[in-house]
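Heads up, the thing below is written out as structure tokens.
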Amino acid sequence: MSDATDKRPVYTASHWGLYEVHEPHTERTRIGPYAGDPDPSPIGYFQNHPTTEALRVRKPAVRRGWLQAREGGPAVPRGQDEYVEVEWDEALALVAGELRRVREAHGNQAIFGGSYGWASAGRFHHAQSQIHRFLNCWGGYVRHMDSYSLGAARSLMPYLVAPMDHLMHSHTDWETLAQHTKIFLSFGGVPAKNAQVAVGGTAGHQVRGGLQKMQQAGVRFINVSPTRDDLATGGEIEWWPIRPNTDTALLLALAHTLRVRGLHDSAFLQSHCTGFEVFEAYLLGETDGQPKTPAWAAAITGLPAADIEQLALDLAGNRSMINMAWALQRAHHGEQPYWALLSVAAMLGQIGLPGGGFACCYGAENMMGSRHRRIFGPTFDQKKNPVADFIPVARIADMLLQPGESFTYHGVTHRYQDIRLVYWAGGNPFHHHQDLARLVQAWQKPETIVVHEQYWTPAARMADIVLPATTTLEREDIFYAAREPVIAAMKSVQPPAGQARDDYAIFAELSRLLGIEDGFTEGLDARGWLERLYGEWRAKLAERTDVALPPFEDFWREGLVPLPQTGEPVVLLEEFRRDPVKHPLHTASGRIEIFCRTIADFGLADCPGYACWREPHEWLGSPVAQRFPLHLISDQPRNKLHSQLDHSPHSRADKIGGREPVYLNPSDAQARGIVRGDLVRLFNTRGACLAAAVPSADIRQGVVRLSTGAWFDPAPDAAGAPVLDKHGNPNVLTADIPSSSFSQGCSAHTCLVQLERFTGVAPDVTAYRQPAGTTTA
Ligand SMILES: Nc1nc2c(c(=O)[nH]1)N[C@H]1C(S)=C(S)[C@@H](COP(=O)(O)OP(=O)(O)OC[C@H]3O[C@@H](n4cnc5c(=O)[nH]c(N)nc54)[C@H](O)[C@@H]3O)O[C@H]1N2
Ligand SMILES: Nc1nc2c(c(=O)[nH]1)N[C@H]1C(S)=C(S)[C@@H](COP(=O)(O)OP(=O)(O)OC[C@H]3O[C@@H](n4cnc5c(=O)[nH]c(N)nc54)[C@H](O)[C@@H]3O)O[C@H]1N2
Ligand SMILES: [Mo]
């Protein structure tokens with residue numbers, strides 16, 4: 001390239017950041033950080049690495065056993081089969097044929113198109129939006145509600161205070177925290193590893209810097225967590241190594257102390273809340289004979305009663321912010337810690353004041369705490385779904401295994417449909433779901449499973465028809481994310497791998513075969529859609545705000561466009577605090593519901609009308625702990641996003657002997673004769689997996705941490721567990737039970753295991769081997 005202007009980088013984005021790409025479409029293409037990012041994440045630099053690219057799906061592929069079964073041959077279980085590569089025309093004809101056949105024979109409600117998953121950044125090529133729009137044009141599908149991230153909280157919080165999306169978008173900003181907060185109490189830390197991620201990407205990672213500013217301002221940090229290292233500020237942090245899943249008891253004891261010491265803010269509870277007296281009666285033991293004293297909580301949490309009592313006094317005497325990781329609600333009775341958090345914050349009366357109140361959650365993603373202005377983004381219309389049936393997202397195995405059975409959700413009873421065809425794009429159920437041995441069973445039930453994938457992931461290997469999808473690097477899109485300072489034109493920087501096509505192009509061709517092309521494409525190609533989405537967005541912004549975007553051509557040429565800022569501080573629920581009559585909440589009472597009549601009237605034993613302690617189905621205080629004495633924390637991985645790019649060099653560098661590290665307390669390691677690097681087997685009644693031991697004083701005794709993301713690599717277990725994952729995937733151990741009959745959220749973080757040294761012949765990790773019959777790089 002000779003022209004100097006050609007040296008200008010082009011932009012692309014992933015959920016880990018905004019990137020400058022140098023020398024696109026050459027042998028030397030490099031993905032580097034956006035210059036304006038103060039703390040870029042390295043995860044995305046390896047997207048185009050040869051090791052990453054080696055596992056691309058290159059041609060449409062059909063499972064041999066599925067083809068044979070159509071001819072009356074024997075059924076081969078999904079996951080143990082080879083593939084036959086076919087031309088695009090043939091593959092798409094098969095998919096269109098199946099969509100027709102299933103719709104004619106069983107109706108649209110026999111198609112599951114929930115297709116949960118994070119997919120990729122970019123406002124247009126978002127796989128979930130594409131599949132939903134396509135299936136809506138085809139008469140609809142059974143959809144999913146909520147997310148794995150926030151099953152319990154997303155259900156609960158709108159009844160009590162505000163929808164999670166509103167709360168997340170309105171977190172008090174880091175500068176305000178540094179200026180006003182005196183005590184920052186966090187449940188589950190503020191993991192900077194998690195804040196590498198932002199839905200749609202980010203131009204500036206701000207969590208580490210925000211925490212440092214607070215530390216320099218002298219804020220006192222307390223981290224209530226089974227793992228110490230999820231909060232790091234560069235300064236001192238008090239670590240409260242709580243027993244996992246017992247945080248509600250600690251919060252109730254804080255509330256009890258505030259109440260009996262008369263430190264609760266009666267005026268705020270009167271003016272801004274409703275139902276405190278019901279909660280109060282429970283706290284004092286009038287409801288169940290058990291006052292929720294610090295001594296009571298100490299026995300449950302493993303924390304000293306005197307410290308709990310003192311903490312309540314300290315919180316009341318200072319400007320205090322209480323933060324809670326989402327992990328706490330991905331648990332059995334996961335509603336309760338969130339409800340208790342809100343109740344304690346309401347009693348402290350600092351909600352809506354700068355630097356005070358509650359947060360849910362700093363660190364879960366980069367956006368929370370951003371001071372950048374909230375400007376709405378471009379939207380791609382998914383159209384209306386004519387099918388009313390749905391599942392709470394984490395109930396997928398129940399639906400497949402128990403068609404016709406009923407489930408409750410928000411107090412209403414619904415039924416599972418009989419699913420014949422599953423269509424997935426942009427997610428990995430063999431990453432995200434719990435009790436994978438059970439999911440493998442459930443996955444054998446549908447007649448046909450179609451997956452669009454970029455790589456030979458476990459989800460691809462469990463499908464009948466695999467269609468190769470492009471990555472963001474191979475297509476054009478618009479980078480926009482909430483509370484970001486810029487938008488960017490995402491350019492294609494490399495040609496598609498093999499015969500990969502955009503999800504949009506795949507659905508466009510299918511829609512042509514099915515005679516629904518006009519509705520799906522509206523006559524536009526991908527570039528046409530970008531221009532349209534941008535144009536409509538620009539017009540809406542001009543109409544409703546003072547934000548003036550340049551015309552599309554200028555945006556596309558410039559590559560990066562700053563969004564106007566106000567610099568105004570953000571304080572969560574500030575307006576509501578100032579005037580609860582003029583700015584009521586969207587709850588039934590317009591106020592914070594410490595007691596919620598609507599939920600109480602659902603009459604659910606596992607989620608009554610106020611925050612309460614309910615034992616999880618397994619925890620360190622339960623009888624199961626005799627056999628399985630370690631609580632498994634399967635948190636988010638620091639070197640990837642879920643299972644995405646698990647096969648990249650960046651993620652593989654952290655593995656030991658090719659297996660995922662499991663962190664455990666040195667005393668638990670010693671008791672089992674385990675040293676660093678030893679191959680260990682984690683197991684319970686649901687399954688077993690292999691991992692590499694790393695003793696660490698950052699992990700509470702009785703707790704082990706095996707982060708999620710290792711590609712599912714099943715084998716039979718010689719010791720008799722339902723499955724052995726050879727690679728270190730914690731979801732063979734977790735339980736597929738709902739948080740409660742109210743939300744039906746996932747409860748991944750409620751899980752006990754045993755751990756032992758593995759003494760047999762170590763089986764090879766085969767997660768990154770392509771299935772037989774498929775083209776390799
Ligand atoms: N034990 C345990 N389990 C958990 C959790 C936990 O804490 N503990 N956390 C849960 C949470 S919070 C979540 S959000 C889920 C995440 O679960 P998922 O979102 O399902 O996980 P990902 O690995 O991000 O899966 C995305 C898949 O989409 C593919 N993909 C990416 N872009 C595209 C595209 O443009 N087109 C197509 N066709 N495919 C694409 C990727 O290759 C990848 O395989 O996991 C949940 N599971
Ligand atoms: N690098 C990276 N970042 C990510 C993701 C990723 O895959 N990789 N995923 C993104 C997604 S989809 C989501 S939903 C968010 C999730 O954000 P979170 O759910 O908040 O993240 P986790 O890492 O699962 O857990 C956070 C911390 O909670 C602690 N914890 C677990 N159980 C308990 C408990 O019972 N009590 C207490 N006090 N602490 C507990 C764990 O020790 C852990 O350090 O992260 C996002 N960020
Ligand atoms: Mo998530």
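Scheme for the structure tokens: letters A, B, ... for chains in order shown; per-chain residue numbers from 1; ligand numbers from 1 in order shown.
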
Each chain A residue no farther than 9 Å from ligand 3, nearest pair in Å, only C-alpha atoms and all ligand atoms, as CSV:
residue,atom,partner,partner_atom_place_in_ligand_line,distance
A:Gly117,CA,ligand 3,1 (Mo),8.6
A:Trp118,CA,ligand 3,1 (Mo),8.0
A:Ser147,CA,ligand 3,1 (Mo),6.9
A:Tyr148,CA,ligand 3,1 (Mo),5.6
A:Ser149,CA,ligand 3,1 (Mo),3.4
A:Leu150,CA,ligand 3,1 (Mo),7.0
A:Trp326,CA,ligand 3,1 (Mo),8.6
A:Ala364,CA,ligand 3,1 (Mo),8.7
A:His432,CA,ligand 3,1 (Mo),8.9
A:Gln636,CA,ligand 3,1 (Mo),8.5
A:His642,CA,ligand 3,1 (Mo),8.3

Can you tell me which residues surround stretch 527-534 of chain A at a distance of at most 9 Å, considering only C-alpha atoms, apart from same-chain residues fewer than 4 positions away, and format the answer as a PDB file with all heavy atoms, in the first residue's frame?
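In the end it all went to around_3.pdb:
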ATOM      1  N   ARG A 123     -24.717  -3.963  15.189  1.00  0.00           N
ATOM      2  CA  ARG A 123     -26.162  -3.786  15.380  1.00  0.00           C
ATOM      3  C   ARG A 123     -26.999  -4.547  14.362  1.00  0.00           C
ATOM      4  O   ARG A 123     -28.172  -4.782  14.586  1.00  0.00           O
ATOM      5  CB  ARG A 123     -26.536  -2.296  15.310  1.00  0.00           C
ATOM      6  CG  ARG A 123     -25.940  -1.460  16.383  1.00  0.00           C
ATOM      7  CD  ARG A 123     -26.325  -1.943  17.770  1.00  0.00           C
ATOM      8  NE  ARG A 123     -27.715  -1.690  18.082  1.00  0.00           N
ATOM      9  CZ  ARG A 123     -28.253  -1.857  19.278  1.00  0.00           C
ATOM     10  NH1 ARG A 123     -27.510  -2.279  20.273  1.00  0.00           N
ATOM     11  NH2 ARG A 123     -29.520  -1.608  19.494  1.00  0.00           N
ATOM     12  N   PHE A 124     -26.407  -4.901  13.255  1.00  0.00           N
ATOM     13  CA  PHE A 124     -27.210  -5.571  12.226  1.00  0.00           C
ATOM     14  C   PHE A 124     -27.003  -7.085  12.233  1.00  0.00           C
ATOM     15  O   PHE A 124     -27.961  -7.841  12.310  1.00  0.00           O
ATOM     16  CB  PHE A 124     -26.908  -4.996  10.837  1.00  0.00           C
ATOM     17  CG  PHE A 124     -27.621  -5.733   9.744  1.00  0.00           C
ATOM     18  CD1 PHE A 124     -29.010  -5.700   9.657  1.00  0.00           C
ATOM     19  CD2 PHE A 124     -26.918  -6.479   8.812  1.00  0.00           C
ATOM     20  CE1 PHE A 124     -29.686  -6.405   8.667  1.00  0.00           C
ATOM     21  CE2 PHE A 124     -27.583  -7.180   7.812  1.00  0.00           C
ATOM     22  CZ  PHE A 124     -28.971  -7.138   7.746  1.00  0.00           C
ATOM     23  N   PRO A 378     -29.527   2.353  17.097  1.00  0.00           N
ATOM     24  CA  PRO A 378     -30.315   1.901  15.953  1.00  0.00           C
ATOM     25  C   PRO A 378     -30.944   0.539  16.249  1.00  0.00           C
ATOM     26  O   PRO A 378     -30.376  -0.244  17.004  1.00  0.00           O
ATOM     27  CB  PRO A 378     -29.284   1.767  14.833  1.00  0.00           C
ATOM     28  CG  PRO A 378     -27.979   1.586  15.512  1.00  0.00           C
ATOM     29  CD  PRO A 378     -28.083   2.234  16.864  1.00  0.00           C
ATOM     30  N   THR A 379     -32.092   0.284  15.682  1.00  0.00           N
ATOM     31  CA  THR A 379     -32.750  -1.003  15.955  1.00  0.00           C
ATOM     32  C   THR A 379     -33.163  -1.703  14.665  1.00  0.00           C
ATOM     33  O   THR A 379     -33.543  -1.068  13.685  1.00  0.00           O
ATOM     34  CB  THR A 379     -34.028  -0.807  16.817  1.00  0.00           C
ATOM     35  OG1 THR A 379     -34.799   0.238  16.231  1.00  0.00           O
ATOM     36  CG2 THR A 379     -33.696  -0.458  18.249  1.00  0.00           C
ATOM     37  N   PHE A 380     -33.052  -3.020  14.721  1.00  0.00           N
ATOM     38  CA  PHE A 380     -33.417  -3.882  13.591  1.00  0.00           C
ATOM     39  C   PHE A 380     -34.710  -4.584  13.983  1.00  0.00           C
ATOM     40  O   PHE A 380     -34.750  -5.312  14.983  1.00  0.00           O
ATOM     41  CB  PHE A 380     -32.281  -4.882  13.359  1.00  0.00           C
ATOM     42  CG  PHE A 380     -32.521  -5.859  12.248  1.00  0.00           C
ATOM     43  CD1 PHE A 380     -32.855  -5.428  10.973  1.00  0.00           C
ATOM     44  CD2 PHE A 380     -32.376  -7.219  12.469  1.00  0.00           C
ATOM     45  CE1 PHE A 380     -33.057  -6.344   9.934  1.00  0.00           C
ATOM     46  CE2 PHE A 380     -32.575  -8.136  11.448  1.00  0.00           C
ATOM     47  CZ  PHE A 380     -32.925  -7.688  10.181  1.00  0.00           C
ATOM     48  N   GLU A 476     -19.581  -6.103   7.315  1.00  0.00           N
ATOM     49  CA  GLU A 476     -19.683  -4.694   7.689  1.00  0.00           C
ATOM     50  C   GLU A 476     -20.821  -4.529   8.685  1.00  0.00           C
ATOM     51  O   GLU A 476     -21.842  -5.214   8.593  1.00  0.00           O
ATOM     52  CB  GLU A 476     -20.000  -3.855   6.454  1.00  0.00           C
ATOM     53  CG  GLU A 476     -18.951  -3.937   5.385  1.00  0.00           C
ATOM     54  CD  GLU A 476     -19.347  -3.166   4.119  1.00  0.00           C
ATOM     55  OE1 GLU A 476     -20.560  -2.901   3.923  1.00  0.00           O
ATOM     56  OE2 GLU A 476     -18.451  -2.839   3.353  1.00  0.00           O
ATOM     57  N   ASP A 477     -20.625  -3.596   9.617  1.00  0.00           N
ATOM     58  CA  ASP A 477     -21.684  -3.404  10.602  1.00  0.00           C
ATOM     59  C   ASP A 477     -21.527  -2.032  11.264  1.00  0.00           C
ATOM     60  O   ASP A 477     -20.633  -1.255  10.907  1.00  0.00           O
ATOM     61  CB  ASP A 477     -21.633  -4.535  11.650  1.00  0.00           C
ATOM     62  CG  ASP A 477     -23.032  -4.934  12.122  1.00  0.00           C
ATOM     63  OD1 ASP A 477     -23.870  -4.026  12.288  1.00  0.00           O
ATOM     64  OD2 ASP A 477     -23.274  -6.133  12.316  1.00  0.00           O
ATOM     65  N   ILE A 478     -22.398  -1.778  12.210  1.00  0.00           N
ATOM     66  CA  ILE A 478     -22.348  -0.510  12.945  1.00  0.00           C
ATOM     67  C   ILE A 478     -22.026  -0.815  14.400  1.00  0.00           C
ATOM     68  O   ILE A 478     -22.724  -1.616  15.037  1.00  0.00           O
ATOM     69  CB  ILE A 478     -23.699   0.227  12.857  1.00  0.00           C
ATOM     70  CG1 ILE A 478     -24.010   0.587  11.417  1.00  0.00           C
ATOM     71  CG2 ILE A 478     -23.694   1.465  13.752  1.00  0.00           C
ATOM     72  CD1 ILE A 478     -25.438   1.094  11.196  1.00  0.00           C
ATOM     73  N   THR A 521     -36.314  -9.736   3.666  1.00  0.00           N
ATOM     74  CA  THR A 521     -35.219  -8.860   3.186  1.00  0.00           C
ATOM     75  C   THR A 521     -35.706  -7.440   2.876  1.00  0.00           C
ATOM     76  O   THR A 521     -34.922  -6.504   2.888  1.00  0.00           O
ATOM     77  CB  THR A 521     -34.572  -9.404   1.896  1.00  0.00           C
ATOM     78  OG1 THR A 521     -35.534  -9.321   0.838  1.00  0.00           O
ATOM     79  CG2 THR A 521     -34.105 -10.850   2.069  1.00  0.00           C
ATOM     80  N   GLY A 523     -36.128  -6.395   0.195  1.00  0.00           N
ATOM     81  CA  GLY A 523     -35.392  -6.013  -1.010  1.00  0.00           C
ATOM     82  C   GLY A 523     -33.996  -5.469  -0.777  1.00  0.00           C
ATOM     83  O   GLY A 523     -33.368  -4.955  -1.701  1.00  0.00           O
ATOM     84  N   ARG A 538     -30.751   8.068  12.646  1.00  0.00           N
ATOM     85  CA  ARG A 538     -30.341   9.474  12.561  1.00  0.00           C
ATOM     86  C   ARG A 538     -31.575  10.387  12.577  1.00  0.00           C
ATOM     87  O   ARG A 538     -31.621  11.398  13.278  1.00  0.00           O
ATOM     88  CB  ARG A 538     -29.550   9.647  11.267  1.00  0.00           C
ATOM     89  CG  ARG A 538     -29.081  11.043  10.990  1.00  0.00           C
ATOM     90  CD  ARG A 538     -28.080  11.044   9.840  1.00  0.00           C
ATOM     91  NE  ARG A 538     -27.691  12.400   9.520  1.00  0.00           N
ATOM     92  CZ  ARG A 538     -28.092  13.056   8.438  1.00  0.00           C
ATOM     93  NH1 ARG A 538     -28.877  12.463   7.552  1.00  0.00           N
ATOM     94  NH2 ARG A 538     -27.716  14.300   8.233  1.00  0.00           N
ATOM     95  N   ALA A 539     -32.600   9.961  11.827  1.00  0.00           N
ATOM     96  CA  ALA A 539     -33.815  10.778  11.758  1.00  0.00           C
ATOM     97  C   ALA A 539     -34.513  10.823  13.117  1.00  0.00           C
ATOM     98  O   ALA A 539     -34.969  11.888  13.563  1.00  0.00           O
ATOM     99  CB  ALA A 539     -34.757  10.198  10.699  1.00  0.00           C
ATOM    100  N   PRO A 551     -24.526  12.348   7.784  1.00  0.00           N
ATOM    101  CA  PRO A 551     -25.140  11.399   6.855  1.00  0.00           C
ATOM    102  C   PRO A 551     -24.318  10.108   6.781  1.00  0.00           C
ATOM    103  O   PRO A 551     -23.124  10.115   7.107  1.00  0.00           O
ATOM    104  CB  PRO A 551     -25.103  12.110   5.503  1.00  0.00           C
ATOM    105  CG  PRO A 551     -24.728  13.515   5.783  1.00  0.00           C
ATOM    106  CD  PRO A 551     -24.107  13.588   7.121  1.00  0.00           C
ATOM    107  N   PHE A 552     -24.944   9.014   6.341  1.00  0.00           N
ATOM    108  CA  PHE A 552     -24.295   7.696   6.334  1.00  0.00           C
ATOM    109  C   PHE A 552     -22.946   7.718   5.614  1.00  0.00           C
ATOM    110  O   PHE A 552     -21.969   7.175   6.120  1.00  0.00           O
ATOM    111  CB  PHE A 552     -25.215   6.643   5.688  1.00  0.00           C
ATOM    112  CG  PHE A 552     -24.599   5.272   5.685  1.00  0.00           C
ATOM    113  CD1 PHE A 552     -24.665   4.467   6.812  1.00  0.00           C
ATOM    114  CD2 PHE A 552     -23.927   4.789   4.557  1.00  0.00           C
ATOM    115  CE1 PHE A 552     -24.072   3.203   6.823  1.00  0.00           C
ATOM    116  CE2 PHE A 552     -23.337   3.527   4.571  1.00  0.00           C
ATOM    117  CZ  PHE A 552     -23.421   2.737   5.706  1.00  0.00           C
ATOM    118  N   GLU A 553     -22.893   8.367   4.437  1.00  0.00           N
ATOM    119  CA  GLU A 553     -21.653   8.325   3.648  1.00  0.00           C
ATOM    120  C   GLU A 553     -20.499   8.918   4.445  1.00  0.00           C
ATOM    121  O   GLU A 553     -19.377   8.418   4.409  1.00  0.00           O
ATOM    122  CB  GLU A 553     -21.784   9.111   2.323  1.00  0.00           C
ATOM    123  CG  GLU A 553     -22.953   8.705   1.438  1.00  0.00           C
ATOM    124  CD  GLU A 553     -24.305   9.156   1.983  1.00  0.00           C
ATOM    125  OE1 GLU A 553     -24.443  10.357   2.266  1.00  0.00           O
ATOM    126  OE2 GLU A 553     -25.198   8.299   2.158  1.00  0.00           O
TER     127      GLU A 553
END

List every residue of chain A that has an atom at most 6 Å from any atom of ligand 2, giving for each one its closest atom pair and the distance in Å to one decimal, counting only C-alpha atoms and all ligand atoms, sorted by chain and then by ascending residue number, as CSV.
residue,atom,partner,partner_atom_place_in_ligand_line,distance
A:Ser149,CA,ligand 2,14 (S),3.7
A:Phe187,CA,ligand 2,38 (N),4.2
A:Gly188,CA,ligand 2,39 (N),3.6
A:Gly189,CA,ligand 2,27 (C),5.9
A:Lys193,CA,ligand 2,1 (N),4.8
A:Asn194,CA,ligand 2,3 (N),3.1
A:Ala195,CA,ligand 2,47 (N),5.6
A:Gln196,CA,ligand 2,1 (N),5.6
A:Val197,CA,ligand 2,47 (N),5.0
A:Val224,CA,ligand 2,38 (N),4.9
A:Ser225,CA,ligand 2,38 (N),3.8
A:Pro226,CA,ligand 2,42 (O),5.3
A:Thr227,CA,ligand 2,42 (O),4.6
A:Asp230,CA,ligand 2,44 (O),4.7
A:Pro244,CA,ligand 2,35 (O),3.6
A:Asn245,CA,ligand 2,35 (O),3.5
A:Asp247,CA,ligand 2,36 (N),5.8
A:Ala325,CA,ligand 2,20 (O),3.8
A:Trp326,CA,ligand 2,19 (O),3.7
A:Ala327,CA,ligand 2,19 (O),3.4
A:Leu328,CA,ligand 2,34 (C),4.9
A:Ala364,CA,ligand 2,17 (O),4.0
A:Glu365,CA,ligand 2,46 (C),5.3
A:Ile633,CA,ligand 2,31 (C),5.7
A:Asp635,CA,ligand 2,24 (O),3.5
A:Gln636,CA,ligand 2,23 (O),3.9
A:Pro637,CA,ligand 2,8 (N),4.6
A:Arg638,CA,ligand 2,1 (N),4.0
A:Asn639,CA,ligand 2,1 (N),5.6
A:Lys640,CA,ligand 2,8 (N),5.1
A:Leu641,CA,ligand 2,7 (O),3.4
A:His642,CA,ligand 2,7 (O),3.6
A:His749,CA,ligand 2,32 (N),5.6

Check your understanding: Which residues come within 8 Å of A:Arg676, counting only C-alpha atoms, excluding same-chain residues fewer than 5 positions away, as an MDAnalysis selection string?
Key -> chainID A and resid 692:695

Could those selected residues go to a file with C-alpha atoms, as a PDB file, in the first residue's frame?
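Below is the file that was written, result.pdb:
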ATOM      1  CA  ALA A 692      -5.684 -29.015  36.632  1.00  0.00           C
ATOM      2  CA  ALA A 693      -5.339 -28.064  40.298  1.00  0.00           C
ATOM      3  CA  VAL A 694      -4.109 -24.632  41.358  1.00  0.00           C
ATOM      4  CA  PRO A 695      -3.976 -24.147  45.138  1.00  0.00           C
TER       5      PRO A 695
END

Check your understanding: Quick one: DSSP helix (DSSP H, G or I) residues in stretch 515-723 of chain A, as a PyMOL selection string?
Key -> chain A and resi 517-521+526-544+552-558+574-578+597-602+623-626+649-652+666-671

Practice item. Write out as a VMD selection string which residues come within 10 Å of A:Pro661 when counting only C-alpha atoms, dropping same-chain ones fewer than 5 positions away. Key: chain A and resid 654 to 656 676 to 680 690 to 695 705 to 707 727 to 728

Once you count only C-alpha atoms and all ligand atoms, what closest atom pair and distance in Å to one decimal does each residue of chain A within 6 Å of ligand 1 have, with rows by chain and rising residue number, as JSON lines?
{"residue": "A:Tyr116", "atom": "CA", "partner": "ligand 1", "partner_atom_place_in_ligand_line": "20 (O)", "distance": 5.9}
{"residue": "A:Gly117", "atom": "CA", "partner": "ligand 1", "partner_atom_place_in_ligand_line": "19 (O)", "distance": 3.2}
{"residue": "A:Trp118", "atom": "CA", "partner": "ligand 1", "partner_atom_place_in_ligand_line": "19 (O)", "distance": 3.8}
{"residue": "A:Ala119", "atom": "CA", "partner": "ligand 1", "partner_atom_place_in_ligand_line": "32 (N)", "distance": 3.6}
{"residue": "A:Ser120", "atom": "CA", "partner": "ligand 1", "partner_atom_place_in_ligand_line": "32 (N)", "distance": 4.0}
{"residue": "A:His126", "atom": "CA", "partner": "ligand 1", "partner_atom_place_in_ligand_line": "35 (O)", "distance": 6.0}
{"residue": "A:Ala127", "atom": "CA", "partner": "ligand 1", "partner_atom_place_in_ligand_line": "36 (N)", "distance": 5.0}
{"residue": "A:Tyr148", "atom": "CA", "partner": "ligand 1", "partner_atom_place_in_ligand_line": "11 (C)", "distance": 4.6}
{"residue": "A:Ser149", "atom": "CA", "partner": "ligand 1", "partner_atom_place_in_ligand_line": "12 (S)", "distance": 3.3}
{"residue": "A:Ala425", "atom": "CA", "partner": "ligand 1", "partner_atom_place_in_ligand_line": "38 (N)", "distance": 4.2}
{"residue": "A:Gly426", "atom": "CA", "partner": "ligand 1", "partner_atom_place_in_ligand_line": "28 (O)", "distance": 3.3}
{"residue": "A:Gly427", "atom": "CA", "partner": "ligand 1", "partner_atom_place_in_ligand_line": "20 (O)", "distance": 3.6}
{"residue": "A:Asn428", "atom": "CA", "partner": "ligand 1", "partner_atom_place_in_ligand_line": "20 (O)", "distance": 3.8}
{"residue": "A:Pro429", "atom": "CA", "partner": "ligand 1", "partner_atom_place_in_ligand_line": "20 (O)", "distance": 5.4}
{"residue": "A:His431", "atom": "CA", "partner": "ligand 1", "partner_atom_place_in_ligand_line": "21 (O)", "distance": 5.8}
{"residue": "A:His432", "atom": "CA", "partner": "ligand 1", "partner_atom_place_in_ligand_line": "47 (N)", "distance": 3.4}
{"residue": "A:His433", "atom": "CA", "partner": "ligand 1", "partner_atom_place_in_ligand_line": "47 (N)", "distance": 5.5}
{"residue": "A:His452", "atom": "CA", "partner": "ligand 1", "partner_atom_place_in_ligand_line": "38 (N)", "distance": 4.1}
{"residue": "A:Glu453", "atom": "CA", "partner": "ligand 1", "partner_atom_place_in_ligand_line": "38 (N)", "distance": 4.3}
{"residue": "A:Gln454", "atom": "CA", "partner": "ligand 1", "partner_atom_place_in_ligand_line": "42 (O)", "distance": 5.3}
{"residue": "A:Tyr455", "atom": "CA", "partner": "ligand 1", "partner_atom_place_in_ligand_line": "42 (O)", "distance": 5.7}
{"residue": "A:Thr457", "atom": "CA", "partner": "ligand 1", "partner_atom_place_in_ligand_line": "44 (O)", "distance": 5.8}
{"residue": "A:Ala469", "atom": "CA", "partner": "ligand 1", "partner_atom_place_in_ligand_line": "38 (N)", "distance": 5.2}
{"residue": "A:Thr471", "atom": "CA", "partner": "ligand 1", "partner_atom_place_in_ligand_line": "35 (O)", "distance": 5.6}
{"residue": "A:Asp503", "atom": "CA", "partner": "ligand 1", "partner_atom_place_in_ligand_line": "38 (N)", "distance": 5.9}
{"residue": "A:Ser634", "atom": "CA", "partner": "ligand 1", "partner_atom_place_in_ligand_line": "8 (N)", "distance": 4.7}
{"residue": "A:Asp635", "atom": "CA", "partner": "ligand 1", "partner_atom_place_in_ligand_line": "7 (O)", "distance": 4.6}
{"residue": "A:Gln636", "atom": "CA", "partner": "ligand 1", "partner_atom_place_in_ligand_line": "7 (O)", "distance": 5.6}
{"residue": "A:Leu641", "atom": "CA", "partner": "ligand 1", "partner_atom_place_in_ligand_line": "24 (O)", "distance": 5.8}
{"residue": "A:His642", "atom": "CA", "partner": "ligand 1", "partner_atom_place_in_ligand_line": "23 (O)", "distance": 4.2}
{"residue": "A:Ser643", "atom": "CA", "partner": "ligand 1", "partner_atom_place_in_ligand_line": "23 (O)", "distance": 3.4}
{"residue": "A:Gln644", "atom": "CA", "partner": "ligand 1", "partner_atom_place_in_ligand_line": "23 (O)", "distance": 4.3}
{"residue": "A:Thr708", "atom": "CA", "partner": "ligand 1", "partner_atom_place_in_ligand_line": "2 (C)", "distance": 5.8}
{"residue": "A:Pro730", "atom": "CA", "partner": "ligand 1", "partner_atom_place_in_ligand_line": "1 (N)", "distance": 5.7}
{"residue": "A:Asn731", "atom": "CA", "partner": "ligand 1", "partner_atom_place_in_ligand_line": "1 (N)", "distance": 4.9}
{"residue": "A:Ala748", "atom": "CA", "partner": "ligand 1", "partner_atom_place_in_ligand_line": "1 (N)", "distance": 4.6}
